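As stored in input-v6.txt (compact mmCIF, C-alpha atoms and all ligand atoms):
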# COMPACT_ATOMS: atom_id res chain seq x y z
CA MET A 490 -13.17 -0.52 -28.77
CA LYS A 491 -14.18 -1.18 -25.20
CA ILE A 492 -11.21 -1.43 -22.88
CA MET A 493 -10.93 -2.36 -19.23
CA VAL A 494 -8.00 -1.38 -17.07
CA ILE A 495 -7.32 -3.34 -13.89
CA GLY A 496 -6.13 -1.30 -10.92
CA GLY A 497 -6.98 1.88 -9.10
CA GLY A 498 -3.95 4.07 -8.54
CA GLY A 499 -2.04 6.91 -10.15
CA ARG A 500 -0.36 4.57 -12.62
CA GLU A 501 -3.72 3.32 -13.84
CA HIS A 502 -4.97 6.90 -14.15
CA ALA A 503 -1.98 7.72 -16.34
CA ILE A 504 -2.57 4.61 -18.48
CA ILE A 505 -6.25 5.50 -18.87
CA LYS A 506 -5.46 9.12 -19.81
CA ALA A 507 -3.02 7.87 -22.46
CA LEU A 508 -5.48 5.29 -23.81
CA LYS A 509 -8.18 7.95 -24.06
CA LYS A 510 -6.07 9.72 -26.67
CA SER A 511 -6.17 6.68 -28.92
CA ARG A 512 -8.44 7.11 -31.93
CA ARG A 513 -9.70 3.53 -31.59
CA VAL A 514 -10.65 3.58 -27.92
CA ASN A 515 -14.28 4.53 -27.27
CA GLU A 516 -15.06 3.32 -23.77
CA ILE A 517 -12.83 2.63 -20.77
CA TYR A 518 -13.77 0.78 -17.60
CA ALA A 519 -11.62 0.68 -14.47
CA LEU A 520 -11.57 -2.26 -12.03
CA PRO A 521 -11.92 -0.74 -9.50
CA GLY A 522 -10.58 2.73 -10.45
CA ASN A 523 -10.95 5.53 -7.88
CA GLY A 524 -12.74 8.81 -7.26
CA GLY A 525 -10.43 10.72 -9.57
CA ILE A 526 -10.26 8.12 -12.31
CA SER A 527 -14.05 8.32 -12.57
CA ALA A 528 -13.58 11.57 -14.53
CA ASP A 529 -11.91 9.54 -17.30
CA ALA A 530 -13.35 6.03 -17.07
CA VAL A 531 -16.35 4.17 -15.73
CA CYS A 532 -15.28 2.85 -12.33
CA THR A 533 -16.63 -0.49 -11.15
CA GLY A 534 -16.77 -2.06 -7.73
CA ILE A 535 -14.56 -4.95 -8.86
CA GLY A 536 -11.29 -5.26 -6.95
CA ALA A 537 -7.97 -5.52 -8.77
CA LYS A 538 -7.32 -9.06 -7.47
CA ASP A 539 -10.79 -10.41 -8.23
CA ILE A 540 -10.01 -12.69 -11.17
CA PRO A 541 -13.46 -14.33 -11.55
CA GLY A 542 -15.03 -10.87 -11.16
CA ALA A 543 -12.86 -9.47 -13.94
CA VAL A 544 -13.62 -12.37 -16.29
CA LYS A 545 -17.36 -12.05 -15.65
CA PHE A 546 -17.28 -8.29 -16.12
CA ALA A 547 -15.39 -8.62 -19.39
CA LEU A 548 -17.83 -11.17 -20.79
CA ASP A 549 -20.98 -9.42 -19.55
CA ASN A 550 -19.84 -6.10 -20.99
CA LYS A 551 -18.32 -7.42 -24.22
CA ILE A 552 -14.91 -5.97 -23.42
CA ASP A 553 -12.54 -6.01 -26.41
CA TYR A 554 -9.23 -5.66 -24.58
CA ALA A 555 -7.91 -5.71 -21.01
CA VAL A 556 -4.88 -3.99 -19.51
CA VAL A 557 -3.77 -5.67 -16.28
CA ALA A 558 -1.59 -3.06 -14.57
CA PRO A 559 -0.77 -4.10 -10.95
CA ASP A 560 1.63 -6.84 -9.85
CA ASP A 561 -0.80 -8.89 -7.74
CA PRO A 562 -3.31 -9.88 -10.44
CA LEU A 563 -0.49 -10.53 -12.90
CA VAL A 564 1.35 -12.82 -10.49
CA LEU A 565 -1.94 -14.53 -9.59
CA GLY A 566 -2.61 -15.28 -13.28
CA MET A 567 -5.39 -12.88 -14.27
CA VAL A 568 -4.06 -12.67 -17.83
CA ASP A 569 -4.25 -16.47 -18.16
CA GLU A 570 -7.90 -16.53 -17.10
CA LEU A 571 -8.96 -13.57 -19.24
CA SER A 572 -7.16 -15.03 -22.25
CA LYS A 573 -8.89 -18.39 -21.71
CA ALA A 574 -12.19 -16.52 -21.78
CA GLY A 575 -11.21 -15.00 -25.12
CA ILE A 576 -10.27 -11.51 -23.90
CA PRO A 577 -6.97 -10.26 -25.35
CA CYS A 578 -4.78 -8.71 -22.65
CA PHE A 579 -1.80 -6.49 -22.12
CA GLY A 580 0.41 -8.05 -19.46
CA PRO A 581 2.43 -11.21 -18.91
CA ASP A 582 0.86 -14.54 -18.07
CA LYS A 583 1.46 -16.16 -14.70
CA LYS A 584 4.49 -18.12 -15.89
CA ALA A 585 6.23 -14.93 -17.01
CA ALA A 586 5.05 -12.68 -14.17
CA ILE A 587 7.19 -14.78 -11.83
CA ILE A 588 10.08 -12.55 -12.90
CA GLU A 589 8.64 -10.10 -10.35
CA GLY A 590 6.72 -12.58 -8.21
CA SER A 591 9.81 -14.41 -7.01
CA LYS A 592 13.14 -12.77 -6.34
CA VAL A 593 14.71 -16.20 -5.98
CA PHE A 594 13.54 -16.98 -9.51
CA SER A 595 14.79 -13.70 -10.98
CA LYS A 596 18.19 -13.90 -9.26
CA ASN A 597 18.69 -17.48 -10.43
CA LEU A 598 17.64 -16.48 -13.96
CA MET A 599 20.24 -13.72 -14.03
CA LYS A 600 22.94 -16.02 -12.72
CA LYS A 601 22.10 -18.77 -15.23
CA TYR A 602 22.13 -16.41 -18.22
CA GLY A 603 24.99 -14.13 -17.16
CA ILE A 604 22.89 -10.98 -16.69
CA PRO A 605 24.73 -8.52 -14.41
CA THR A 606 23.25 -8.25 -10.92
CA ALA A 607 24.41 -8.10 -7.29
CA ALA A 608 26.12 -11.27 -6.00
CA TYR A 609 23.72 -13.19 -3.77
CA GLU A 610 22.73 -16.33 -1.87
CA THR A 611 19.20 -17.65 -1.40
CA PHE A 612 17.90 -19.26 1.79
CA SER A 613 14.85 -21.24 2.84
CA ASP A 614 16.35 -22.17 6.22
CA MET A 615 16.68 -19.35 8.75
CA GLU A 616 19.58 -20.94 10.67
CA LYS A 617 21.61 -21.20 7.46
CA ALA A 618 20.83 -17.58 6.62
CA LEU A 619 21.95 -16.42 10.07
CA GLU A 620 25.11 -18.49 9.83
CA TYR A 621 25.89 -16.95 6.44
CA LEU A 622 25.53 -13.47 7.97
CA ASP A 623 28.37 -14.20 10.42
CA THR A 624 30.84 -13.67 7.61
CA ALA A 625 28.84 -11.66 5.03
CA PRO A 626 30.15 -8.16 4.29
CA VAL A 627 28.04 -5.21 5.50
CA PRO A 628 26.07 -3.26 4.48
CA THR A 629 24.10 -6.17 3.13
CA VAL A 630 20.70 -6.35 1.47
CA ILE A 631 17.96 -8.74 2.60
CA LYS A 632 15.02 -9.37 0.28
CA ALA A 633 11.83 -11.32 0.81
CA ASP A 634 11.25 -13.68 -2.13
CA GLY A 635 7.65 -12.75 -2.89
CA LEU A 636 5.58 -9.61 -3.36
CA ALA A 637 5.59 -7.31 -0.33
CA LEU A 638 4.00 -4.04 -1.50
CA GLY A 639 7.45 -2.76 -2.39
CA LYS A 640 8.55 -3.07 1.24
CA GLY A 641 10.31 -6.43 1.24
CA VAL A 642 13.83 -5.02 0.88
CA ILE A 643 15.93 -4.16 3.92
CA ILE A 644 19.37 -2.59 3.68
CA ALA A 645 21.20 -3.60 6.84
CA GLU A 646 24.15 -1.44 7.87
CA THR A 647 25.35 -3.87 10.53
CA ARG A 648 25.29 -7.65 11.08
CA GLU A 649 22.87 -7.09 13.97
CA GLU A 650 20.42 -5.29 11.72
CA ALA A 651 20.84 -7.99 9.10
CA ARG A 652 20.06 -10.72 11.63
CA ALA A 653 16.98 -8.81 12.79
CA ALA A 654 15.81 -8.42 9.18
CA VAL A 655 16.20 -12.13 8.47
CA LYS A 656 14.28 -13.00 11.63
CA SER A 657 11.50 -10.52 10.88
CA MET A 658 11.01 -12.04 7.44
CA MET A 659 11.55 -15.74 8.13
CA GLU A 660 10.41 -16.14 11.73
CA ASP A 661 7.88 -13.35 12.35
CA ARG A 662 6.70 -13.45 8.73
CA ALA A 663 6.51 -9.64 8.54
CA PHE A 664 5.63 -10.05 4.86
CA GLY A 665 3.63 -13.24 5.24
CA ASP A 666 4.59 -16.15 3.01
CA SER A 667 6.65 -13.77 0.87
CA GLY A 668 9.37 -14.22 3.49
CA ALA A 669 9.43 -18.03 3.46
CA ASN A 670 12.44 -17.74 1.19
CA ILE A 671 14.87 -14.86 1.15
CA VAL A 672 17.72 -13.47 -0.91
CA ILE A 673 20.77 -11.97 0.78
CA GLU A 674 22.75 -9.87 -1.66
CA GLU A 675 25.71 -7.62 -2.12
CA PHE A 676 25.16 -3.92 -1.46
CA LEU A 677 25.69 -1.96 -4.68
CA THR A 678 26.25 1.75 -5.13
CA GLY A 679 25.57 4.18 -7.95
CA PRO A 680 22.72 6.16 -9.46
CA GLU A 681 19.48 4.28 -9.99
CA VAL A 682 17.57 4.26 -13.26
CA SER A 683 14.15 2.86 -14.05
CA VAL A 684 13.65 1.64 -17.60
CA LEU A 685 10.17 0.49 -18.60
CA SER A 686 10.04 -1.41 -21.86
CA PHE A 687 7.49 -2.86 -24.22
CA THR A 688 8.18 -6.41 -25.29
CA ASP A 689 6.26 -9.02 -27.23
CA GLY A 690 8.81 -11.70 -26.43
CA ARG A 691 10.81 -11.05 -29.60
CA THR A 692 11.29 -7.31 -29.90
CA ILE A 693 12.03 -5.14 -26.89
CA VAL A 694 11.57 -1.38 -27.06
CA PRO A 695 12.70 0.62 -24.03
CA MET A 696 10.63 3.68 -23.14
CA VAL A 697 12.17 6.94 -22.03
CA SER A 698 14.25 6.37 -18.86
CA SER A 699 13.20 7.75 -15.48
CA MET A 700 14.28 8.23 -11.88
CA ASP A 701 12.14 7.37 -8.87
CA HIS A 702 12.49 8.99 -5.42
CA LYS A 703 11.60 6.21 -3.00
CA ARG A 704 12.34 7.76 0.38
CA ALA A 705 9.67 9.73 2.21
CA LEU A 706 11.75 12.82 3.07
CA ASP A 707 13.89 15.36 1.25
CA GLY A 708 17.51 14.42 0.66
CA ASP A 709 16.56 10.73 0.35
CA GLN A 710 15.97 10.47 4.09
CA GLY A 711 13.21 8.65 5.93
CA LEU A 712 11.36 5.46 5.17
CA ASN A 713 11.02 3.73 1.83
CA THR A 714 7.69 4.46 0.16
CA GLY A 715 5.94 3.38 -3.01
CA GLY A 716 7.61 6.41 -4.64
CA MET A 717 7.36 10.14 -3.85
CA GLY A 718 8.09 11.49 -7.31
CA THR A 719 9.78 10.85 -10.62
CA ILE A 720 11.54 12.62 -13.46
CA ALA A 721 12.18 11.59 -17.05
CA PRO A 722 14.45 11.23 -18.86
CA ASN A 723 17.10 10.17 -16.33
CA PRO A 724 20.26 12.19 -17.07
CA TYR A 725 22.54 9.39 -15.81
CA TYR A 726 21.22 7.11 -18.53
CA THR A 727 23.43 8.17 -21.42
CA PRO A 728 23.13 6.75 -24.97
CA ASP A 729 26.27 4.73 -24.25
CA ILE A 730 24.79 3.15 -21.13
CA ALA A 731 21.53 2.55 -22.98
CA ARG A 732 23.39 0.59 -25.65
CA ARG A 733 25.17 -1.47 -22.99
CA CYS A 734 21.91 -2.19 -21.20
CA MET A 735 20.30 -3.37 -24.43
CA GLU A 736 23.18 -5.76 -25.13
CA GLU A 737 23.95 -6.95 -21.61
CA ILE A 738 20.55 -6.82 -19.90
CA PHE A 739 17.41 -6.18 -21.96
CA LEU A 740 17.82 -8.61 -24.86
CA PRO A 741 19.44 -11.30 -22.69
CA THR A 742 16.47 -11.11 -20.30
CA VAL A 743 13.90 -11.52 -23.09
CA ASN A 744 15.91 -14.41 -24.52
CA ALA A 745 16.36 -16.02 -21.10
CA MET A 746 12.62 -15.96 -20.45
CA ASN A 747 12.01 -17.55 -23.86
CA ALA A 748 14.62 -20.23 -23.17
CA GLU A 749 12.85 -21.02 -19.88
CA GLY A 750 9.51 -21.41 -21.70
CA ARG A 751 8.25 -18.25 -20.01
CA THR A 752 7.90 -15.79 -22.89
CA PHE A 753 7.24 -12.34 -21.47
CA LYS A 754 4.71 -10.07 -23.17
CA GLY A 755 3.79 -6.73 -21.70
CA CYS A 756 5.72 -4.04 -19.88
CA LEU A 757 8.99 -5.30 -18.46
CA TYR A 758 10.47 -2.90 -15.92
CA PHE A 759 14.20 -2.86 -15.26
CA GLY A 760 15.32 -1.33 -11.98
CA LEU A 761 19.00 -0.67 -12.66
CA MET A 762 21.94 0.58 -10.69
CA LEU A 763 24.79 2.19 -12.61
CA THR A 764 27.66 0.80 -10.55
CA PRO A 765 31.37 1.48 -11.08
CA ASP A 766 31.43 -1.99 -12.73
CA GLY A 767 28.65 -1.11 -15.16
CA PRO A 768 24.86 -1.31 -15.11
CA LYS A 769 23.37 -4.05 -12.94
CA VAL A 770 19.81 -5.21 -12.33
CA ILE A 771 18.42 -4.37 -8.89
CA GLU A 772 14.96 -5.70 -9.66
CA TYR A 773 12.57 -6.67 -12.40
CA ASN A 774 8.92 -5.72 -12.34
CA CYS A 775 6.38 -7.39 -14.61
CA ARG A 776 4.41 -4.18 -15.11
CA PHE A 777 4.49 -0.41 -15.46
CA GLY A 778 6.15 1.32 -12.50
CA ASP A 779 4.28 3.66 -10.20
CA PRO A 780 5.03 6.64 -10.26
CA GLU A 781 7.34 6.14 -13.28
CA THR A 782 4.35 5.72 -15.59
CA GLN A 783 3.18 9.19 -14.57
CA VAL A 784 6.26 10.74 -16.26
CA VAL A 785 6.85 8.23 -19.05
CA LEU A 786 3.41 8.06 -20.70
CA PRO A 787 2.91 11.85 -20.86
CA LEU A 788 6.01 11.90 -23.11
CA LEU A 789 4.76 9.12 -25.40
CA LYS A 790 3.93 10.51 -28.84
CA SER A 791 2.74 7.24 -30.38
CA ASP A 792 -0.65 5.65 -29.82
CA LEU A 793 -0.50 3.56 -26.62
CA PHE A 794 -3.33 1.28 -27.62
CA ASP A 795 -1.70 0.49 -30.99
CA ILE A 796 1.48 -0.46 -29.14
CA MET A 797 -0.35 -2.59 -26.57
CA GLN A 798 -2.24 -4.52 -29.23
CA ALA A 799 0.97 -5.07 -31.17
CA VAL A 800 2.58 -6.48 -28.01
CA THR A 801 -0.31 -8.90 -27.54
CA ASP A 802 -0.24 -9.96 -31.18
CA GLY A 803 3.54 -10.37 -31.34
CA ARG A 804 4.13 -7.64 -33.94
CA LEU A 805 5.76 -4.92 -31.85
CA SER A 806 8.47 -4.43 -34.48
CA GLU A 807 5.81 -3.09 -36.86
CA VAL A 808 4.53 -0.14 -34.80
CA PRO A 809 6.19 3.18 -34.00
CA VAL A 810 7.11 3.82 -30.35
CA GLU A 811 8.20 7.45 -30.17
CA PHE A 812 8.72 9.82 -27.30
CA GLU A 813 8.81 13.60 -27.25
CA ASN A 814 12.18 15.20 -26.85
CA LYS A 815 11.05 16.86 -23.63
CA SER A 816 11.24 16.28 -19.87
CA ALA A 817 8.63 15.44 -17.29
CA CYS A 818 8.41 15.67 -13.50
CA CYS A 819 5.82 14.09 -11.22
CA VAL A 820 5.47 15.32 -7.64
CA VAL A 821 3.50 12.95 -5.45
CA MET A 822 1.22 14.70 -2.97
CA ALA A 823 0.71 12.40 -0.02
CA SER A 824 -1.18 12.35 3.27
CA SER A 825 1.11 13.59 6.00
CA GLY A 826 2.41 10.57 7.94
CA TYR A 827 2.64 8.23 4.93
CA PRO A 828 4.08 5.54 4.72
CA LYS A 829 3.11 5.13 8.37
CA LYS A 830 -0.19 6.23 9.92
CA TYR A 831 -2.12 9.03 8.24
CA GLU A 832 -5.58 10.56 8.27
CA THR A 833 -7.92 10.65 5.28
CA GLY A 834 -11.28 12.12 4.31
CA PHE A 835 -10.07 15.66 3.52
CA GLU A 836 -11.49 17.54 0.55
CA ILE A 837 -9.13 18.07 -2.38
CA THR A 838 -9.37 21.27 -4.42
CA ILE A 839 -7.68 21.37 -7.81
CA PRO A 840 -7.99 24.69 -9.67
CA ASP A 841 -8.55 24.61 -13.46
CA ASN A 842 -5.66 25.28 -15.82
CA ILE A 843 -2.83 24.62 -13.38
CA GLY A 844 -0.47 23.71 -16.19
CA ALA A 845 -0.06 20.11 -15.07
CA GLN A 846 -1.77 16.79 -15.33
CA VAL A 847 -3.16 15.50 -12.05
CA TYR A 848 -3.20 11.71 -11.71
CA VAL A 849 -5.33 10.57 -8.81
CA ALA A 850 -3.98 7.71 -6.68
CA GLY A 851 -5.85 7.76 -3.37
CA ALA A 852 -9.14 9.65 -3.44
CA LYS A 853 -12.84 8.90 -3.39
CA LEU A 854 -15.86 10.84 -4.62
CA GLU A 855 -18.56 11.64 -2.08
CA SER A 856 -21.54 13.79 -3.08
CA GLY A 857 -19.48 15.27 -5.88
CA ARG A 858 -16.55 16.14 -3.61
CA LEU A 859 -13.14 14.54 -4.03
CA LEU A 860 -11.82 13.35 -0.66
CA THR A 861 -8.43 11.90 0.26
CA SER A 862 -8.55 8.15 0.86
CA GLY A 863 -4.96 6.91 0.70
CA GLY A 864 -1.32 7.53 1.57
CA ARG A 865 -0.31 8.67 -1.86
CA VAL A 866 -3.13 10.95 -3.00
CA LEU A 867 -2.11 12.67 -6.24
CA GLY A 868 0.68 12.63 -8.79
CA VAL A 869 1.14 16.08 -10.29
CA THR A 870 2.97 15.83 -13.62
CA ALA A 871 4.25 18.65 -15.76
CA THR A 872 6.29 18.48 -18.95
CA GLY A 873 8.72 21.07 -20.27
CA ASP A 874 11.43 21.65 -22.81
CA THR A 875 14.03 21.21 -20.07
CA LEU A 876 14.01 19.24 -16.85
CA LYS A 877 14.12 22.48 -14.89
CA ASP A 878 11.00 23.79 -16.68
CA ALA A 879 9.17 20.53 -15.92
CA ILE A 880 10.17 20.59 -12.24
CA ASP A 881 9.20 24.25 -11.80
CA ALA A 882 5.83 23.70 -13.48
CA ALA A 883 5.05 20.59 -11.41
CA TYR A 884 5.82 22.42 -8.14
CA CYS A 885 3.90 25.52 -9.24
CA ALA A 886 0.86 23.30 -9.83
CA ALA A 887 1.30 21.38 -6.57
CA GLU A 888 1.36 24.65 -4.62
CA ASN A 889 -2.06 25.48 -6.02
CA ILE A 890 -3.66 22.18 -5.06
CA HIS A 891 -5.04 21.98 -1.57
CA PHE A 892 -6.08 19.39 0.95
CA GLU A 893 -5.57 19.28 4.68
CA ASN A 894 -2.46 17.38 5.79
CA ALA A 895 -0.93 17.44 2.30
CA TYR A 896 2.75 16.53 2.22
CA TYR A 897 5.19 16.38 -0.66
CA ARG A 898 8.93 16.31 -1.11
CA LYS A 899 10.42 19.60 -2.21
CA ASP A 900 13.45 18.12 -3.99
CA ILE A 901 12.09 15.86 -6.73
CA GLY A 902 14.53 16.08 -9.63
CA LYS A 903 17.18 17.98 -7.67
CA ARG A 904 19.75 15.24 -7.95
CA ALA A 905 18.99 14.83 -11.65
CA LEU A 906 19.51 18.56 -12.24
CA GLU A 907 22.90 18.33 -10.52
CA ALA A 908 23.95 15.28 -12.58
P1 LIG B 1001 13.19 -2.75 -4.51
O1 LIG B 1001 11.97 -2.80 -3.65
O2 LIG B 1001 13.68 -4.07 -4.97
O3 LIG B 1001 13.02 -1.72 -5.61
O4 LIG B 1001 14.35 -2.16 -3.60
C1 LIG B 1001 14.13 -0.95 -2.94
C2 LIG B 1001 15.38 -0.12 -3.01
O5 LIG B 1001 16.41 -0.77 -2.27
C3 LIG B 1001 15.98 0.04 -4.41
O6 LIG B 1001 15.38 1.05 -5.14
C4 LIG B 1001 17.41 0.34 -4.08
O7 LIG B 1001 17.55 1.71 -3.74
C5 LIG B 1001 17.66 -0.46 -2.84
N1 LIG B 1001 18.36 -1.70 -3.17
C6 LIG B 1001 17.85 -2.88 -3.55
N2 LIG B 1001 18.81 -3.79 -3.78
C7 LIG B 1001 19.99 -3.17 -3.54
C8 LIG B 1001 21.37 -3.56 -3.59
N3 LIG B 1001 21.73 -4.80 -3.93
N4 LIG B 1001 22.29 -2.65 -3.28
C9 LIG B 1001 21.95 -1.39 -2.92
N5 LIG B 1001 20.69 -0.97 -2.84
C10 LIG B 1001 19.71 -1.84 -3.15
N1 LIG B 1002 8.32 2.75 -8.54
C1 LIG B 1002 8.75 1.43 -8.36
C2 LIG B 1002 7.77 0.39 -8.67
O1 LIG B 1002 6.76 0.62 -9.32
O2 LIG B 1002 7.97 -0.73 -8.24
Please re-express this file's structure in structure tokens.
Amino acid sequence: MKIMVIGGGGREHAIIKALKKSRRVNEIYALPGNGGISADAVCTGIGAKDIPGAVKFALDNKIDYAVVAPDDPLVLGMVDELSKAGIPCFGPDKKAAIIEGSKVFSKNLMKKYGIPTAAYETFSDMEKALEYLDTAPVPTVIKADGLALGKGVIIAETREEARAAVKSMMEDRAFGDSGANIVIEEFLTGPEVSVLSFTDGRTIVPMVSSMDHKRALDGDQGLNTGGMGTIAPNPYYTPDIARRCMEEIFLPTVNAMNAEGRTFKGCLYFGLMLTPDGPKVIEYNCRFGDPETQVVLPLLKSDLFDIMQAVTDGRLSEVPVEFENKSACCVVMASSGYPKKYETGFEITIPDNIGAQVYVAGAKLESGRLLTSGGRVLGVTATGDTLKDAIDAAYCAAENIHFENAYYRKDIGKRALEA
């Protein structure tokens, strides 16, 4: 089988590494991939949002199956176009990807079908939003409707901050058209859990749970980032809570999408908060999380490609989806300064046999040397019998990897260990 994977970050590297283990996968192409992924797949110059380019590449190269990993091409409808061209895909079509593409859509879906989430109001008129803030409780959470590279959420501690956030989104268009509509919602508290799931629109199979660490600095301080590290499984996600989530959130979401004529097939990601009133949905993503994938897939025992094909064909209930009874920790090594300004172009040295898997997110190959090229550079994942073993092994490996200006959090998994 010839497979192509759309995307070029650490998540895609983890997907490609997992697909490589499949007995039926012979060749893997990455669109575009990156300097590190090129060790595991043929990287192309085709960008992740280039839909005509992807269709042409698939046809020219007789690709048997496509995995569309990032949010942008999914929301833009890449799966629809590839499917029309006869290429089977893993990932939702445009109609279903709206569950991530529009927060107004997903909030209204949850309200309509009684799926627990933060109370909210939506606005398309800035004056009305500002008026609402005069009496809204603080802290309050302001969200741009559309995709915003994971940055379209502002938690405002005061009404002043909330007003500034609304203006930045709706007037200054800090996130472009994504801020034409906004959601203002109730501030929730509690531990956060990420649950990625496979669904073919009928069956939904949650993967092992995980915990992201979104802030840049230790102790959950500093700016929000794309994610500075992850652990799995998430100790807050007990079997009891998992059962509740299946009944109150996962199945109702799949059924709601069907009822709306928007059957979701692919990886449905639930960002949950375990509040004193029970688990609630913070966000849906229409794809694998990054860097959650870098701890979830290394624990997958079953054949990823078998599962993906079963999702596409609507027979997920027939294939095994099993995870190892172990833990995993991913430490993201970033360029110092990320998520703000940072320098790139530094050589990365990764010794052999460091006891961890290195997923490359932001690096390019130049004359055989691997150079940093992004904010998040590497995801260093180790597994272990206990969470502590996994954390220790991931940090031991990270200490042995070198590039100038490397920065990583020193407390990934600390909160989970204390849970
Ligand atoms: P998102 O980009 O939607 O994942 O949101 C970024 C982060 O903002 C989440 O991981 C939460 O930590 C936080 N967040 C989002 N919505 C809420 C909420 N209603 N209450 C408290 N925190 C929230
Ligand atoms: N790690 C969160 C996300 O992928 O959106």
ask   = Quick one, how far is atom CA of Leu520 of chain A from atom CA of Val800 of chain A?
value =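 Between these atoms lies a distance of 21.8 Å.
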message = Counting all atoms listed in the file, which residues have an atom no more than 12 Å from (-0.6, 17.8, 10.9) in the file's coordinates? Please list them as a ChimeraX atom specification.
response = /A:824-827,830-833,892-896
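With all atoms listed in the file as the atoms that count, the minimum distance from Ser591 of chain A to the choices A:Ala625, A:Ala879, A:Leu548, A:Leu636 is reached by A:Leu636.
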message = Just the number, please: distance in Å from atom CA of Glu736 of chain A to atom CA of Glu749 of chain A, one decimal.
response =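 Atom CA of Glu749 of chain A lies at a distance of 19.2 Å from atom CA of Glu736 of chain A.
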Sorted by chain and rising residue number, which residues of chain A lie within 6 Å of ligand LIG 1001 (chain B), and what are their closest atom pairs and distances in Å to one decimal, counting only C-alpha atoms and all ligand atoms, as a Markdown table?
| residue | atom | partner | partner_atom | distance |
| --- | --- | --- | --- | --- |
| A:Ala607 | CA | B:LIG1001 | N3 | 5.4 |
| A:Val630 | CA | B:LIG1001 | N3 | 5.7 |
| A:Gly639 | CA | B:LIG1001 | O1 | 4.7 |
| A:Lys640 | CA | B:LIG1001 | O1 | 6.0 |
| A:Val642 | CA | B:LIG1001 | O4 | 5.3 |
| A:Glu674 | CA | B:LIG1001 | N3 | 5.6 |
| A:Glu675 | CA | B:LIG1001 | N3 | 5.2 |
| A:Phe676 | CA | B:LIG1001 | N4 | 3.6 |
| A:Leu677 | CA | B:LIG1001 | N4 | 3.7 |
| A:Thr678 | CA | B:LIG1001 | C9 | 5.8 |
| A:Ile771 | CA | B:LIG1001 | N2 | 5.2 |
| A:Glu772 | CA | B:LIG1001 | O2 | 5.1 |
Can you tell me which residues sit at most 7 Å away from ligand LIG 1002 (chain B), counting only C-alpha atoms and all ligand atoms, written as a PDB file with C-alpha atoms, in the frame of the given file?
ATOM      1  CA  GLY A 639       7.450  -2.760  -2.390  1.00  0.00           C
ATOM      2  CA  ASP A 701      12.140   7.370  -8.870  1.00  0.00           C
ATOM      3  CA  GLY A 715       5.940   3.380  -3.010  1.00  0.00           C
ATOM      4  CA  GLY A 716       7.610   6.410  -4.640  1.00  0.00           C
ATOM      5  CA  ASN A 774       8.920  -5.720 -12.340  1.00  0.00           C
ATOM      6  CA  PHE A 777       4.490  -0.410 -15.460  1.00  0.00           C
ATOM      7  CA  GLY A 778       6.150   1.320 -12.500  1.00  0.00           C
ATOM      8  CA  ASP A 779       4.280   3.660 -10.200  1.00  0.00           C
ATOM      9  CA  PRO A 780       5.030   6.640 -10.260  1.00  0.00           C
ATOM     10  CA  GLU A 781       7.340   6.140 -13.280  1.00  0.00           C
TER      11      GLU A 781
END
